[in-house]
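Some notes on the structure that comes next.
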Amino acid sequence: MNFSEFCIQEYDKFYDEQIEFYSQYNLDSYSHWFYDQESELLRIYNNDNDEIYFEYIPIGSYSLKSNTWLWSWANEHSIEKNKTKTLVIKELGEKNSYSQLNDGLFECDKEECWDFAAITKNYIQSLGVYCVNSNDLLSFKLVIKVHGNKNSKEVVKLKQRTVDCGIHGKRRPAFVCQHLNLTERKGFHESFDTFRGMDLDNDDDFGAWCNECELVRDKEEEWNDVSESYAEIQLVCEECYFELKEFNQ
Ligand SMILES: [Zn+2]
Ligand SMILES: [Zn+2]
């Protein structure tokens, strides 16, 4: 199958699901959008009471100025971690010698973007595709999850997914008791065993406390008002966390 035949096949497969996606979330009824690369959340809204949050994987973008497509995995300006998930499409291109899936940046027609989006949608578990148009850039997003509103636990958590550390820049958040530092060894107790760069489940955070906090927690038999106010947990970045771990352990 050549690439244009492949595109027709994949677009056919994609089309009905995409229509269904739009009607299920009534996406034509919203006039505004906003997305945040750090939390990889896309907000589509009319006002604060009429909004929807989508967690997304960036697919790629099309420049209306240069008529070029740029796959997100090749986009050095994107800080979106999910972009690496689109590497399966690059692999697909390598296997089948479809250079359009394999080259990071190339010239093409605007219409072809929807083929690239359709292929991505068909190969990565997702709900649909949303395209936002800002200035001269069309940005295609693969929607992987829906969040009801901005106060949902997930949205708040996603917003806090990175901290901007004065020393290490943008990193994942981690939490440590107020006593841990890099000048005096105080012991290091964790909520679970950790190592640098490990993947975390959505519900897990890096968390650690010192020997004294452990004594208080032990006495209270849990984290409660007493043990928590003793620990006075602070937000630090992931790198800081592991520096503290190496020093205090
Ligand atoms: Zn402590
Ligand atoms: Zn740091």
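A note on labels: chains of the structure tokens are A, B, ... as shown, every chain counts residues from 1, and ligands are counted from 1 in their shown order.
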Contacts to ligand 1 at 7 Å cut-off (only C-alpha atoms and all ligand atoms) as a compact mmCIF listing (two decimals) with N, CA, C and O atoms, in the first residue's frame:
```txt
# COMPACT_ATOMS: atom_id res chain seq x y z
N CYS A 177 9.71 17.07 54.39
CA CYS A 177 9.44 17.76 55.66
C CYS A 177 10.36 18.98 55.77
O CYS A 177 11.38 19.07 55.09
N GLN A 178 9.94 19.90 56.62
CA GLN A 178 10.67 21.17 56.75
C GLN A 178 12.10 20.99 57.27
O GLN A 178 12.91 21.91 57.14
N HIS A 179 12.40 19.81 57.88
CA HIS A 179 13.70 19.66 58.53
C HIS A 179 14.82 19.20 57.60
O HIS A 179 15.99 19.33 57.94
N LEU A 180 14.46 18.63 56.48
CA LEU A 180 15.49 18.07 55.60
C LEU A 180 16.27 19.18 54.90
O LEU A 180 15.69 20.12 54.37
N TRP A 209 10.51 12.38 54.71
CA TRP A 209 10.57 13.10 55.98
C TRP A 209 11.75 12.59 56.79
O TRP A 209 12.32 11.53 56.48
N CYS A 210 12.11 13.33 57.84
CA CYS A 210 13.32 13.04 58.60
C CYS A 210 13.04 12.05 59.75
O CYS A 210 11.90 11.68 59.99
N ASN A 211 14.11 11.67 60.48
CA ASN A 211 13.98 10.74 61.62
C ASN A 211 13.02 11.26 62.68
O ASN A 211 12.21 10.50 63.22
N GLU A 212 13.13 12.53 62.99
CA GLU A 212 12.26 13.09 64.05
C GLU A 212 10.80 13.03 63.65
O GLU A 212 9.93 12.70 64.45
N CYS A 213 10.53 13.38 62.40
CA CYS A 213 9.16 13.30 61.89
C CYS A 213 8.66 11.86 61.95
O CYS A 213 7.50 11.61 62.27
N ALA A 231 5.78 18.08 60.71
CA ALA A 231 6.58 17.93 59.49
C ALA A 231 6.55 19.19 58.62
O ALA A 231 7.53 19.54 57.98
```
In region 92-212 of chain A, DSSP alpha helix (DSSP H) residues written as JSON, numbers by chain
{"A": [92, 93, 94, 95, 96, 99, 100, 101, 102, 112, 113, 114, 115, 116, 117, 118, 119, 120, 121, 122, 123, 153, 154, 155, 156, 157, 158, 159, 211, 212]}
How would you report the residues lying within 10 Å of ligand 2, as a PyMOL selection string, if you count only C-alpha atoms and all ligand atoms?
chain A and resi 163-174+235-243
For the contact check between region 65-98 of chain A and region 133-138 of chain A, emit one row per residue of region 65-98 of chain A within 12 Å, containing the shortest atom pair and the distance in Å rounded to one decimal, counting only C-alpha atoms, chain then rising number order, as a tab-separated table.
```
residue	atom	partner	partner_atom	distance
A:Lys65	CA	A:Asp136	CA	6.3
A:Ser66	CA	A:Asp136	CA	9.3
A:Asn67	CA	A:Leu137	CA	9.7
A:Thr68	CA	A:Leu137	CA	9.9
A:Trp69	CA	A:Leu138	CA	9.4
A:Leu70	CA	A:Leu138	CA	10.4
A:Trp71	CA	A:Leu138	CA	12.0
```
Resulting file, chosen residues, C-alpha atoms, as a tab-separated table (two decimals), in the first residue's frame:
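Saved result, part_20.tsv, follows:
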```tsv
chain	number	residue	atom	x	y	z
A	65	LYS	CA	3.49	30.78	6.80
A	66	SER	CA	5.98	28.17	5.66
A	67	ASN	CA	3.43	25.46	4.72
A	68	THR	CA	5.32	22.93	6.79
A	69	TRP	CA	4.28	20.15	9.11
A	70	LEU	CA	6.29	19.56	12.28
A	71	TRP	CA	5.75	16.38	14.28
```
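Between Phe14 (chain A) and the residues A:Glu94, A:Asp115, A:Glu40, A:Glu51, the shortest atom-to-atom distance, using only C-alpha atoms, involves A:Asp115.
Counting only C-alpha atoms and comparing A:Thr194, A:Gln100, A:Thr162, A:Asn2, the residue that lies closest to Asp36 (chain A) is A:Thr162.
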From A:Lys83, A:His77, A:His32, A:Lys13, residue lying nearest Lys121 (chain A) [only C-alpha atoms]:
A:Lys13
DSSP strand (DSSP E or B) selection over region 1-246 of chain A, as a ChimeraX atom specification
/A:32-36,41-47,50-63,68-71,105-107,128-134,137-147,163-165,169-171,173-176,189-190,206-209,234-237
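In terms of minimum interatomic distance to Ile19 (chain A), A:Leu127 ranks closest within A:Cys7, A:Leu127, A:Asn82, A:Glu222, counting only C-alpha atoms.
The closest residue to Asn75 (chain A), picked from A:Glu91, A:Asp193, A:Asp103, A:Glu38 and counting only C-alpha atoms, is A:Asp103.
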Hey, what's within 9 Å of Lys245 (chain A) if we count only C-alpha atoms and toss same-chain stuff fewer than 6 positions away? As an MDAnalysis selection string, please?
chainID A and resid 187:189 208
Got a sec: who's within 9 Å of Thr86 (chain A), counting only C-alpha atoms, leaving out chain neighbours fewer than 6 positions off, as a compact mmCIF listing (two decimals) with N, CA and C atoms, in the first residue's frame?
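As a result, selection_5.txt now contains:
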```txt
# COMPACT_ATOMS: atom_id res chain seq x y z
N ILE A 57 -2.22 14.61 24.04
CA ILE A 57 -0.88 14.32 23.50
C ILE A 57 -0.71 15.24 22.29
N PRO A 58 0.34 16.05 22.25
CA PRO A 58 0.51 16.90 21.06
C PRO A 58 0.89 16.02 19.86
N ILE A 59 0.19 16.22 18.75
CA ILE A 59 0.47 15.42 17.55
C ILE A 59 1.52 16.13 16.69
N TRP A 71 6.21 17.35 13.29
CA TRP A 71 5.75 16.38 14.28
C TRP A 71 6.17 16.83 15.67
N SER A 72 5.32 16.55 16.66
CA SER A 72 5.64 17.05 18.01
C SER A 72 6.94 16.44 18.56
N TRP A 73 7.22 15.16 18.23
CA TRP A 73 8.46 14.55 18.75
C TRP A 73 9.70 15.28 18.24
N THR A 120 -2.52 9.12 13.69
CA THR A 120 -2.14 9.15 15.11
C THR A 120 -3.29 8.68 15.99
N ILE A 124 -2.98 5.38 18.51
CA ILE A 124 -2.80 5.63 19.94
C ILE A 124 -4.18 5.71 20.58
```
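For Gln18 (chain A), the set of protein, DNA and RNA residues having any atom at most 9 Å away, when counting only C-alpha atoms and skipping those fewer than 6 positions along the same chain, is Ala118, Leu127, Gly128 and Val129 of chain A.
Interatomic distance, CA of Phe3 (chain A) against CA of Ser61 (chain A): 19.8 Å.
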